[in-house]
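Below is protein37.pdb, holding PDB, C-alpha atoms, pLDDT in the B column.
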ATOM      1  CA  MET A1284      19.311  23.078 -38.030  1.00 70.00           C
ATOM      2  CA  LEU A1285      18.412  20.143 -35.795  1.00 77.00           C
ATOM      3  CA  THR A1286      16.253  20.665 -32.725  1.00 81.00           C
ATOM      4  CA  GLU A1287      17.518  19.248 -29.428  1.00 81.00           C
ATOM      5  CA  GLU A1288      14.761  16.663 -29.491  1.00 86.00           C
ATOM      6  CA  MET A1289      15.680  15.528 -33.010  1.00 89.00           C
ATOM      7  CA  PHE A1290      19.321  15.459 -32.050  1.00 89.00           C
ATOM      8  CA  GLY A1291      18.558  13.265 -29.033  1.00 91.00           C
ATOM      9  CA  GLU A1292      16.730  10.837 -31.307  1.00 93.00           C
ATOM     10  CA  LEU A1293      19.614  10.768 -33.772  1.00 93.00           C
ATOM     11  CA  TYR A1294      22.076  10.171 -30.951  1.00 94.00           C
ATOM     12  CA  LYS A1295      20.073   7.152 -29.784  1.00 94.00           C
ATOM     13  CA  ARG A1296      19.771   5.860 -33.334  1.00 95.00           C
ATOM     14  CA  TYR A1297      23.428   6.097 -34.318  1.00 95.00           C
ATOM     15  CA  LYS A1298      25.443   5.825 -31.105  1.00 94.00           C
ATOM     16  CA  THR A1299      25.960   2.051 -31.237  1.00 94.00           C
ATOM     17  CA  MET A1300      26.756   1.910 -34.938  1.00 95.00           C
ATOM     18  CA  LEU A1301      29.272   4.734 -34.634  1.00 96.00           C
ATOM     19  CA  PHE A1302      30.794   3.303 -31.473  1.00 95.00           C
ATOM     20  CA  ARG A1303      31.391  -0.020 -33.239  1.00 94.00           C
ATOM     21  CA  VAL A1304      32.964   1.716 -36.226  1.00 95.00           C
ATOM     22  CA  ALA A1305      35.180   3.925 -34.062  1.00 94.00           C
ATOM     23  CA  PHE A1306      36.191   1.025 -31.852  1.00 91.00           C
ATOM     24  CA  ALA A1307      37.145  -1.160 -34.819  1.00 91.00           C
ATOM     25  CA  TYR A1308      39.297   1.684 -36.165  1.00 90.00           C
ATOM     26  CA  LEU A1309      40.884   2.866 -32.952  1.00 89.00           C
ATOM     27  CA  GLY A1310      40.792  -0.081 -30.561  1.00 86.00           C
ATOM     28  CA  ASN A1311      40.595   1.948 -27.377  1.00 84.00           C
ATOM     29  CA  ILE A1312      37.792   3.514 -25.453  1.00 85.00           C
ATOM     30  CA  GLU A1313      39.246   6.989 -24.868  1.00 85.00           C
ATOM     31  CA  ASP A1314      39.838   7.711 -28.546  1.00 86.00           C
ATOM     32  CA  CYS A1315      36.389   6.320 -29.349  1.00 89.00           C
ATOM     33  CA  GLU A1316      34.789   8.693 -26.885  1.00 90.00           C
ATOM     34  CA  ASP A1317      36.614  11.718 -28.296  1.00 90.00           C
ATOM     35  CA  THR A1318      35.777  10.720 -31.852  1.00 92.00           C
ATOM     36  CA  LEU A1319      32.097  10.151 -31.169  1.00 94.00           C
ATOM     37  CA  GLN A1320      31.887  13.425 -29.285  1.00 93.00           C
ATOM     38  CA  GLU A1321      33.318  15.325 -32.243  1.00 92.00           C
ATOM     39  CA  ALA A1322      31.188  13.413 -34.756  1.00 94.00           C
ATOM     40  CA  PHE A1323      27.928  14.186 -32.953  1.00 93.00           C
ATOM     41  CA  VAL A1324      28.860  17.824 -32.415  1.00 90.00           C
ATOM     42  CA  ARG A1325      29.499  18.072 -36.160  1.00 90.00           C
ATOM     43  CA  LEU A1326      26.157  16.394 -36.781  1.00 91.00           C
ATOM     44  CA  TYR A1327      24.495  19.102 -34.717  1.00 89.00           C
ATOM     45  CA  PHE A1328      26.306  22.105 -36.138  1.00 87.00           C
ATOM     46  CA  GLN A1329      27.483  21.168 -39.591  1.00 85.00           C
ATOM     47  CA  SER A1330      25.167  18.581 -41.092  1.00 83.00           C
ATOM     48  CA  PRO A1331      23.311  19.781 -44.165  1.00 85.00           C
ATOM     49  CA  ASP A1332      19.600  19.152 -44.696  1.00 84.00           C
ATOM     50  CA  PHE A1333      19.095  15.675 -46.026  1.00 87.00           C
ATOM     51  CA  ALA A1334      16.256  14.477 -48.211  1.00 86.00           C
ATOM     52  CA  GLN A1335      16.496  10.978 -46.816  1.00 89.00           C
ATOM     53  CA  GLU A1336      17.571   9.631 -43.447  1.00 91.00           C
ATOM     54  CA  GLU A1337      19.916   7.190 -45.193  1.00 91.00           C
ATOM     55  CA  ASP A1338      21.880  10.175 -46.543  1.00 92.00           C
ATOM     56  CA  ARG A1339      22.292  11.505 -43.013  1.00 93.00           C
ATOM     57  CA  LYS A1340      23.418   8.075 -41.827  1.00 94.00           C
ATOM     58  CA  ARG A1341      26.074   7.925 -44.547  1.00 93.00           C
ATOM     59  CA  TRP A1342      27.171  11.479 -43.805  1.00 94.00           C
ATOM     60  CA  ILE A1343      27.733  10.785 -40.083  1.00 94.00           C
ATOM     61  CA  LEU A1344      29.464   7.503 -40.964  1.00 94.00           C
ATOM     62  CA  ARG A1345      31.843   9.297 -43.315  1.00 94.00           C
ATOM     63  CA  VAL A1346      32.529  11.973 -40.706  1.00 95.00           C
ATOM     64  CA  THR A1347      33.284   9.323 -38.077  1.00 95.00           C
ATOM     65  CA  ILE A1348      35.545   7.353 -40.430  1.00 93.00           C
ATOM     66  CA  ASN A1349      37.447  10.507 -41.397  1.00 93.00           C
ATOM     67  CA  LEU A1350      37.862  11.460 -37.736  1.00 94.00           C
ATOM     68  CA  CYS A1351      39.153   7.956 -36.968  1.00 92.00           C
ATOM     69  CA  LYS A1352      41.615   8.122 -39.857  1.00 90.00           C
ATOM     70  CA  SER A1353      42.898  11.496 -38.757  1.00 89.00           C
ATOM     71  CA  ASN A1354      43.198  10.180 -35.202  1.00 87.00           C
ATOM     72  CA  LEU A1355      45.289   7.262 -36.474  1.00 84.00           C
ATOM     73  CA  ARG A1356      47.518   9.651 -38.423  1.00 81.00           C
ATOM     74  CA  SER A1357      47.943  11.887 -35.408  1.00 74.00           C
ATOM     75  CA  PHE A1358      51.321  12.123 -33.772  1.00 61.00           C
ATOM     76  CA  TRP A1359      49.545  11.840 -30.464  1.00 62.00           C
ATOM     77  CA  LYS A1360      47.697   8.643 -31.267  1.00 61.00           C
ATOM     78  CA  LYS A1361      47.517   6.185 -28.456  1.00 55.00           C
ATOM     79  CA  HIS A1362      48.884   2.702 -28.720  1.00 54.00           C
ATOM     80  CA  ARG A1363      46.298   0.075 -29.323  1.00 57.00           C
ATOM     81  CA  CYS A1364      45.326  -1.973 -26.335  1.00 59.00           C
ATOM     82  CA  SER A1365      45.997  -5.592 -25.682  1.00 62.00           C
ATOM     83  CA  LEU A1366      43.233  -8.083 -24.930  1.00 63.00           C
ATOM     84  CA  GLU A1367      44.071  -7.726 -21.249  1.00 65.00           C
ATOM     85  CA  ASP A1368      43.558  -3.970 -21.438  1.00 69.00           C
ATOM     86  CA  TRP A1369      40.256  -4.475 -23.208  1.00 71.00           C
ATOM     87  CA  GLU A1370      39.002  -6.737 -20.443  1.00 68.00           C
ATOM     88  CA  GLY A1371      39.794  -4.081 -17.873  1.00 67.00           C
ATOM     89  CA  GLN A1372      38.245  -1.239 -19.867  1.00 69.00           C
ATOM     90  CA  MET A1373      35.107  -2.515 -21.484  1.00 75.00           C
ATOM     91  CA  ASP A1374      32.054  -4.309 -20.211  1.00 79.00           C
ATOM     92  CA  PHE A1375      31.124  -5.825 -23.563  1.00 83.00           C
ATOM     93  CA  VAL A1376      34.363  -7.805 -23.681  1.00 84.00           C
ATOM     94  CA  GLN A1377      33.146  -9.827 -20.690  1.00 83.00           C
ATOM     95  CA  SER A1378      30.240 -11.148 -22.745  1.00 85.00           C
ATOM     96  CA  MET A1379      32.536 -12.347 -25.551  1.00 87.00           C
ATOM     97  CA  THR A1380      34.081 -15.757 -25.978  1.00 86.00           C
ATOM     98  CA  ILE A1381      37.875 -15.933 -26.266  1.00 86.00           C
ATOM     99  CA  GLU A1382      37.542 -16.558 -30.026  1.00 85.00           C
ATOM    100  CA  GLU A1383      35.280 -13.544 -30.448  1.00 86.00           C
ATOM    101  CA  ARG A1384      37.738 -11.350 -28.561  1.00 86.00           C
ATOM    102  CA  GLU A1385      40.592 -12.555 -30.704  1.00 85.00           C
ATOM    103  CA  ILE A1386      38.765 -12.060 -33.987  1.00 87.00           C
ATOM    104  CA  LEU A1387      37.796  -8.544 -32.931  1.00 88.00           C
ATOM    105  CA  MET A1388      41.414  -7.826 -32.033  1.00 86.00           C
ATOM    106  CA  GLU A1389      42.405  -9.112 -35.470  1.00 87.00           C
ATOM    107  CA  LEU A1390      39.901  -6.773 -37.134  1.00 89.00           C
ATOM    108  CA  VAL A1391      41.263  -3.825 -35.148  1.00 88.00           C
ATOM    109  CA  SER A1392      44.811  -4.781 -36.193  1.00 86.00           C
ATOM    110  CA  LEU A1393      44.065  -5.038 -39.936  1.00 89.00           C
ATOM    111  CA  PRO A1394      45.544  -2.410 -42.281  1.00 89.00           C
ATOM    112  CA  GLU A1395      43.151   0.528 -42.606  1.00 88.00           C
ATOM    113  CA  LYS A1396      42.119  -0.055 -46.228  1.00 88.00           C
ATOM    114  CA  TYR A1397      40.937  -3.607 -45.545  1.00 92.00           C
ATOM    115  CA  LYS A1398      39.471  -2.734 -42.203  1.00 91.00           C
ATOM    116  CA  SER A1399      37.314   0.111 -43.568  1.00 92.00           C
ATOM    117  CA  VAL A1400      35.514  -2.108 -46.109  1.00 93.00           C
ATOM    118  CA  LEU A1401      35.021  -4.939 -43.614  1.00 93.00           C
ATOM    119  CA  ILE A1402      33.616  -2.520 -41.037  1.00 93.00           C
ATOM    120  CA  LEU A1403      31.104  -1.116 -43.522  1.00 93.00           C
ATOM    121  CA  ARG A1404      30.198  -4.636 -44.586  1.00 92.00           C
ATOM    122  CA  LEU A1405      29.534  -5.521 -40.959  1.00 91.00           C
ATOM    123  CA  THR A1406      27.448  -2.356 -40.689  1.00 91.00           C
ATOM    124  CA  GLY A1407      25.234  -3.822 -43.412  1.00 90.00           C
ATOM    125  CA  TYR A1408      26.295  -2.076 -46.619  1.00 92.00           C
ATOM    126  CA  SER A1409      26.685  -3.685 -50.042  1.00 92.00           C
ATOM    127  CA  GLY A1410      29.835  -3.426 -52.141  1.00 91.00           C
ATOM    128  CA  LYS A1411      28.306  -0.659 -54.248  1.00 92.00           C
ATOM    129  CA  GLU A1412      27.252   1.341 -51.197  1.00 93.00           C
ATOM    130  CA  ILE A1413      30.684   0.908 -49.587  1.00 93.00           C
ATOM    131  CA  ALA A1414      32.249   2.252 -52.799  1.00 93.00           C
ATOM    132  CA  GLN A1415      30.014   5.332 -52.597  1.00 91.00           C
ATOM    133  CA  ILE A1416      30.709   5.934 -48.911  1.00 90.00           C
ATOM    134  CA  LEU A1417      34.479   5.573 -49.249  1.00 90.00           C
ATOM    135  CA  SER A1418      34.635   7.278 -52.674  1.00 90.00           C
ATOM    136  CA  VAL A1419      36.508   4.393 -54.263  1.00 92.00           C
ATOM    137  CA  SER A1420      35.612   2.114 -57.172  1.00 94.00           C
ATOM    138  CA  GLU A1421      33.413  -0.922 -56.688  1.00 94.00           C
ATOM    139  CA  ALA A1422      36.233  -3.126 -58.023  1.00 95.00           C
ATOM    140  CA  ALA A1423      38.568  -1.753 -55.350  1.00 95.00           C
ATOM    141  CA  VAL A1424      35.984  -2.530 -52.667  1.00 94.00           C
ATOM    142  CA  LYS A1425      35.609  -6.116 -53.922  1.00 94.00           C
ATOM    143  CA  MET A1426      39.358  -6.584 -53.970  1.00 94.00           C
ATOM    144  CA  ARG A1427      39.787  -5.148 -50.472  1.00 94.00           C
ATOM    145  CA  LEU A1428      36.924  -7.238 -49.112  1.00 92.00           C
ATOM    146  CA  LYS A1429      38.482 -10.364 -50.595  1.00 92.00           C
ATOM    147  CA  ARG A1430      41.956  -9.611 -49.232  1.00 92.00           C
ATOM    148  CA  GLY A1431      40.605  -8.498 -45.896  1.00 90.00           C
ATOM    149  CA  ARG A1432      38.666 -11.725 -45.524  1.00 87.00           C
ATOM    150  CA  GLU A1433      41.718 -13.727 -46.547  1.00 88.00           C
ATOM    151  CA  LYS A1434      43.784 -12.027 -43.896  1.00 85.00           C
ATOM    152  CA  MET A1435      41.125 -12.702 -41.282  1.00 82.00           C
ATOM    153  CA  LYS A1436      40.764 -16.289 -42.487  1.00 77.00           C
ATOM    154  CA  SER A1437      44.480 -16.951 -42.342  1.00 74.00           C
ATOM    155  CA  TYR A1438      44.484 -15.579 -38.826  1.00 69.00           C
ATOM    156  CA  LEU A1439      41.615 -17.874 -37.825  1.00 65.00           C
ATOM    157  CA  GLU A1440      43.369 -20.852 -39.402  1.00 68.00           C
ATOM    158  CA  ARG A1441      46.557 -20.037 -37.536  1.00 67.00           C
ATOM    159  CA  GLN A1442      44.554 -19.971 -34.320  1.00 61.00           C
ATOM    160  CA  GLU A1443      43.032 -23.370 -35.040  1.00 59.00           C
ATOM    161  CA  GLU A1444      46.428 -25.010 -35.674  1.00 59.00           C
TER     162      GLU A1444
ATOM    163  CA  MET B 806      31.926 -12.752 -43.223  1.00 58.00           C
ATOM    164  CA  SER B 807      32.108 -15.370 -40.547  1.00 75.00           C
ATOM    165  CA  ASP B 808      29.274 -15.757 -38.071  1.00 82.00           C
ATOM    166  CA  MET B 809      31.769 -15.419 -35.255  1.00 84.00           C
ATOM    167  CA  MET B 810      32.879 -12.039 -36.579  1.00 86.00           C
ATOM    168  CA  LYS B 811      29.268 -10.876 -36.777  1.00 88.00           C
ATOM    169  CA  ARG B 812      28.552 -12.082 -33.263  1.00 90.00           C
ATOM    170  CA  ALA B 813      31.625 -10.317 -31.928  1.00 89.00           C
ATOM    171  CA  TRP B 814      30.648  -7.154 -33.812  1.00 90.00           C
ATOM    172  CA  GLU B 815      27.150  -7.127 -32.355  1.00 91.00           C
ATOM    173  CA  LYS B 816      28.512  -7.396 -28.844  1.00 90.00           C
ATOM    174  CA  VAL B 817      30.540  -4.195 -29.187  1.00 90.00           C
ATOM    175  CA  GLU B 818      28.529  -1.631 -27.250  1.00 89.00           C
ATOM    176  CA  MET B 819      29.354   1.242 -24.964  1.00 89.00           C
ATOM    177  CA  ASN B 820      28.253   0.819 -21.394  1.00 87.00           C
ATOM    178  CA  GLU B 821      25.611   2.967 -19.732  1.00 89.00           C
ATOM    179  CA  GLU B 822      28.165   5.073 -17.870  1.00 88.00           C
ATOM    180  CA  MET B 823      30.036   5.995 -21.042  1.00 89.00           C
ATOM    181  CA  ASP B 824      26.771   6.591 -22.879  1.00 92.00           C
ATOM    182  CA  GLU B 825      25.569   9.082 -20.267  1.00 93.00           C
ATOM    183  CA  ARG B 826      28.964  10.790 -20.014  1.00 92.00           C
ATOM    184  CA  LEU B 827      29.274  11.122 -23.781  1.00 93.00           C
ATOM    185  CA  PHE B 828      25.782  12.526 -24.231  1.00 93.00           C
ATOM    186  CA  SER B 829      26.229  15.059 -21.444  1.00 92.00           C
ATOM    187  CA  GLN B 830      29.576  16.172 -22.931  1.00 91.00           C
ATOM    188  CA  ILE B 831      27.959  16.631 -26.327  1.00 91.00           C
ATOM    189  CA  LYS B 832      25.045  18.532 -24.778  1.00 88.00           C
ATOM    190  CA  LYS B 833      27.463  20.841 -22.940  1.00 86.00           C
ATOM    191  CA  GLN B 834      29.187  21.714 -26.189  1.00 81.00           C
ATOM    192  CA  VAL B 835      25.895  22.254 -27.938  1.00 81.00           C
ATOM    193  CA  GLU B 836      24.662  24.570 -25.169  1.00 80.00           C
ATOM    194  CA  ILE B 837      27.809  26.682 -25.258  1.00 74.00           C
ATOM    195  CA  ARG B 838      27.214  27.904 -28.820  1.00 61.00           C
ATOM    196  CA  ASP B 839      26.282  31.537 -29.170  1.00 45.00           C
ATOM    197  CA  GLU B 840      22.850  33.019 -29.910  1.00 48.00           C
ATOM    198  CA  ASN B 841      23.489  33.138 -33.638  1.00 48.00           C
ATOM    199  CA  GLY B 842      23.871  29.420 -33.683  1.00 55.00           C
ATOM    200  CA  GLU B 843      27.565  29.716 -34.360  1.00 51.00           C
ATOM    201  CA  ARG B 844      29.980  27.448 -32.675  1.00 48.00           C
ATOM    202  CA  LYS B 845      31.721  29.400 -29.975  1.00 45.00           C
ATOM    203  CA  MET B 846      33.668  26.733 -28.274  1.00 43.00           C
ATOM    204  CA  GLN B 847      36.093  24.631 -30.219  1.00 45.00           C
ATOM    205  CA  MET B 848      37.675  23.070 -27.173  1.00 44.00           C
ATOM    206  CA  LYS B 849      36.484  19.700 -26.098  1.00 49.00           C
ATOM    207  CA  GLY B 850      36.665  19.275 -22.366  1.00 51.00           C
ATOM    208  CA  LYS B 851      38.345  16.008 -21.612  1.00 55.00           C
ATOM    209  CA  SER B 852      40.114  15.559 -24.915  1.00 59.00           C
ATOM    210  CA  VAL B 853      41.777  18.984 -24.613  1.00 64.00           C
ATOM    211  CA  THR B 854      42.964  18.098 -21.127  1.00 68.00           C
ATOM    212  CA  ARG B 855      44.379  14.846 -22.478  1.00 70.00           C
ATOM    213  CA  LYS B 856      46.134  16.622 -25.341  1.00 73.00           C
ATOM    214  CA  MET B 857      47.597  19.204 -22.989  1.00 80.00           C
ATOM    215  CA  ALA B 858      48.819  16.450 -20.696  1.00 81.00           C
ATOM    216  CA  LYS B 859      50.495  14.748 -23.642  1.00 81.00           C
ATOM    217  CA  ILE B 860      52.121  17.984 -24.792  1.00 86.00           C
ATOM    218  CA  ALA B 861      53.324  18.635 -21.239  1.00 87.00           C
ATOM    219  CA  ALA B 862      54.703  15.089 -21.064  1.00 87.00           C
ATOM    220  CA  VAL B 863      56.935  15.861 -24.054  1.00 88.00           C
ATOM    221  CA  VAL B 864      57.768  19.518 -23.486  1.00 90.00           C
ATOM    222  CA  ILE B 865      58.603  19.394 -19.769  1.00 90.00           C
ATOM    223  CA  PRO B 866      61.310  16.698 -20.064  1.00 90.00           C
ATOM    224  CA  ILE B 867      62.806  18.551 -23.059  1.00 91.00           C
ATOM    225  CA  LEU B 868      62.958  21.811 -21.093  1.00 91.00           C
ATOM    226  CA  PHE B 869      64.309  20.029 -18.059  1.00 89.00           C
ATOM    227  CA  GLY B 870      66.927  18.163 -20.094  1.00 90.00           C
ATOM    228  CA  GLY B 871      67.819  21.344 -21.955  1.00 90.00           C
ATOM    229  CA  SER B 872      68.392  23.273 -18.746  1.00 90.00           C
ATOM    230  CA  ILE B 873      70.689  20.519 -17.445  1.00 91.00           C
ATOM    231  CA  VAL B 874      72.716  20.597 -20.678  1.00 90.00           C
ATOM    232  CA  ILE B 875      73.019  24.400 -20.459  1.00 91.00           C
ATOM    233  CA  ALA B 876      74.030  24.187 -16.789  1.00 90.00           C
ATOM    234  CA  MET B 877      76.666  21.574 -17.610  1.00 89.00           C
ATOM    235  CA  ALA B 878      77.947  23.670 -20.506  1.00 88.00           C
ATOM    236  CA  LEU B 879      78.182  26.750 -18.288  1.00 87.00           C
ATOM    237  CA  GLY B 880      79.938  24.706 -15.640  1.00 86.00           C
ATOM    238  CA  SER B 881      82.542  23.464 -18.094  1.00 82.00           C
ATOM    239  CA  VAL B 882      83.081  27.003 -19.396  1.00 77.00           C
ATOM    240  CA  GLN B 883      83.661  28.234 -15.851  1.00 75.00           C
ATOM    241  CA  GLU B 884      86.133  25.421 -15.179  1.00 72.00           C
ATOM    242  CA  THR B 885      88.157  26.353 -18.231  1.00 68.00           C
TER     243      THR B 885
END

Kindly transcribe the structure held in the file into structure tokens.
Amino acid sequence: MLTEEMFGELYKRYKTMLFRVAFAYLGNIEDCEDTLQEAFVRLYFQSPDFAQEEDRKRWILRVTINLCKSNLRSFWKKHRCSLEDWEGQMDFVQSMTIEEREILMELVSLPEKYKSVLILRLTGYSGKEIAQILSVSEAAVKMRLKRGREKMKSYLERQEE
Amino acid sequence: MSDMMKRAWEKVEMNEEMDERLFSQIKKQVEIRDENGERKMQMKGKSVTRKMAKIAAVVIPILFGGSIVIAMALGSVQET
């Protein structure tokens, strides 16, 4: 069982990573907040004892991804926001260039299977690690990364035209 | 992965207000657990309120519409 002090440290350590993951999946701030709340509560009450901190990191990542997926499947899921909505809702959008906003919107709009591997790649994981986290084969990860990048690339090319 | 994508990714951060609100909501839930360390409260403050609002947004119009249909049906029965 985690102490409150340890939990506070873990919150500080993982909040940004998990927020980025949840935001890329869900695309709106309210769902992100709910998801992160549930993920951290599960970390406090349900996380097993881990031998290594990396195992805990992967566990909380998997929990967050699963919560995001179930949120997206939910009948009650909110519609994704437009760029205009993002500007009104989130401070970080103000610091982004128009191209950065658009590429982020494109990532949020990708089909889930491509998005999940790209998100984990952006989080810093290798193909092999992504395969372990998502419980899929390494070949599937490579294929999804390739197709995901192609989709993003074609979007960027369309923007440049 | 393009540099632009990475730059955009690194700019995604919650603001201070959301950070504080989120942490205090989590702490509230943690504090509410019982002495045995078991989770007592499954409800989640704001999100439950949102879900209830959504349910109400669907159920109330259905009930309202249903009552109108019944009233109209009763009216037509009376006329005949």

Against chain B, which residues of chain A fall within 7 Å? For each one I want the closest pair of atoms and the distance in Å (one decimal), counting all atoms listed in the file, rows by chain and increasing residue number, as a tab-separated table.
residue	atom	partner	partner_atom	distance
A:Thr1299	CA	B:Glu818	CA	6.0
A:Phe1302	CA	B:Glu818	CA	6.9
A:Arg1303	CA	B:Val817	CA	5.9
A:Glu1316	CA	B:Leu827	CA	6.8
A:Asp1317	CA	B:Ser852	CA	6.2
A:Gln1320	CA	B:Ile831	CA	5.9
A:Val1324	CA	B:Ile831	CA	6.3
A:Asp1374	CA	B:Asn820	CA	6.5
A:Phe1375	CA	B:Val817	CA	5.9
A:Met1379	CA	B:Ala813	CA	6.8
A:Glu1383	CA	B:Ala813	CA	5.1
A:Ile1386	CA	B:Met810	CA	6.4
A:Leu1387	CA	B:Ala813	CA	6.5
A:Leu1405	CA	B:Lys811	CA	6.8

field: Coordinates-based distance that separates atom CA of Glu1321 of chain A from atom CA of Leu1417 of chain A (Å, one decimal)
entry: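 If I compute the distance from atom CA of Leu1417 of chain A to atom CA of Glu1321 of chain A, I get 19.6 Å.
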
query: How many Å lie between atom CA of Leu1401 of chain A and atom CA of Leu1428 of chain A, rounded to one decimal?
result: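 Interatomic distance here is 6.3 Å.
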
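Ranking A:Leu1393, A:Val1346, A:Ala1305, A:Met1426 by their shortest atom-to-atom distance to Leu1326 of chain A, with all atoms listed in the file included, puts A:Val1346 first.
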
statement: Using all atoms listed in the file, the shortest atom-to-atom distance to Met1373 of chain A among A:Ser1392, A:Ser1330, A:Asn1311, A:Asn1354 belongs to A:Asn1311

task: Could you check how far atom CA of Met1284 of chain A sits from atom CA of Glu1412 of chain A, in Å to one decimal?
output: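 Atom-to-atom, atom CA of Met1284 of chain A and atom CA of Glu1412 of chain A are spaced 26.6 Å apart.
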
- prompt: Of the residues A:Met1435, A:Ala1422, A:Ala1334, A:Leu1293, which is the one nearest to Pro1394 of chain A, using only C-alpha atoms?
  reply: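 Of A:Met1435, A:Ala1422, A:Ala1334, A:Leu1293, the one nearest Pro1394 of chain A is A:Met1435, counting only C-alpha atoms.
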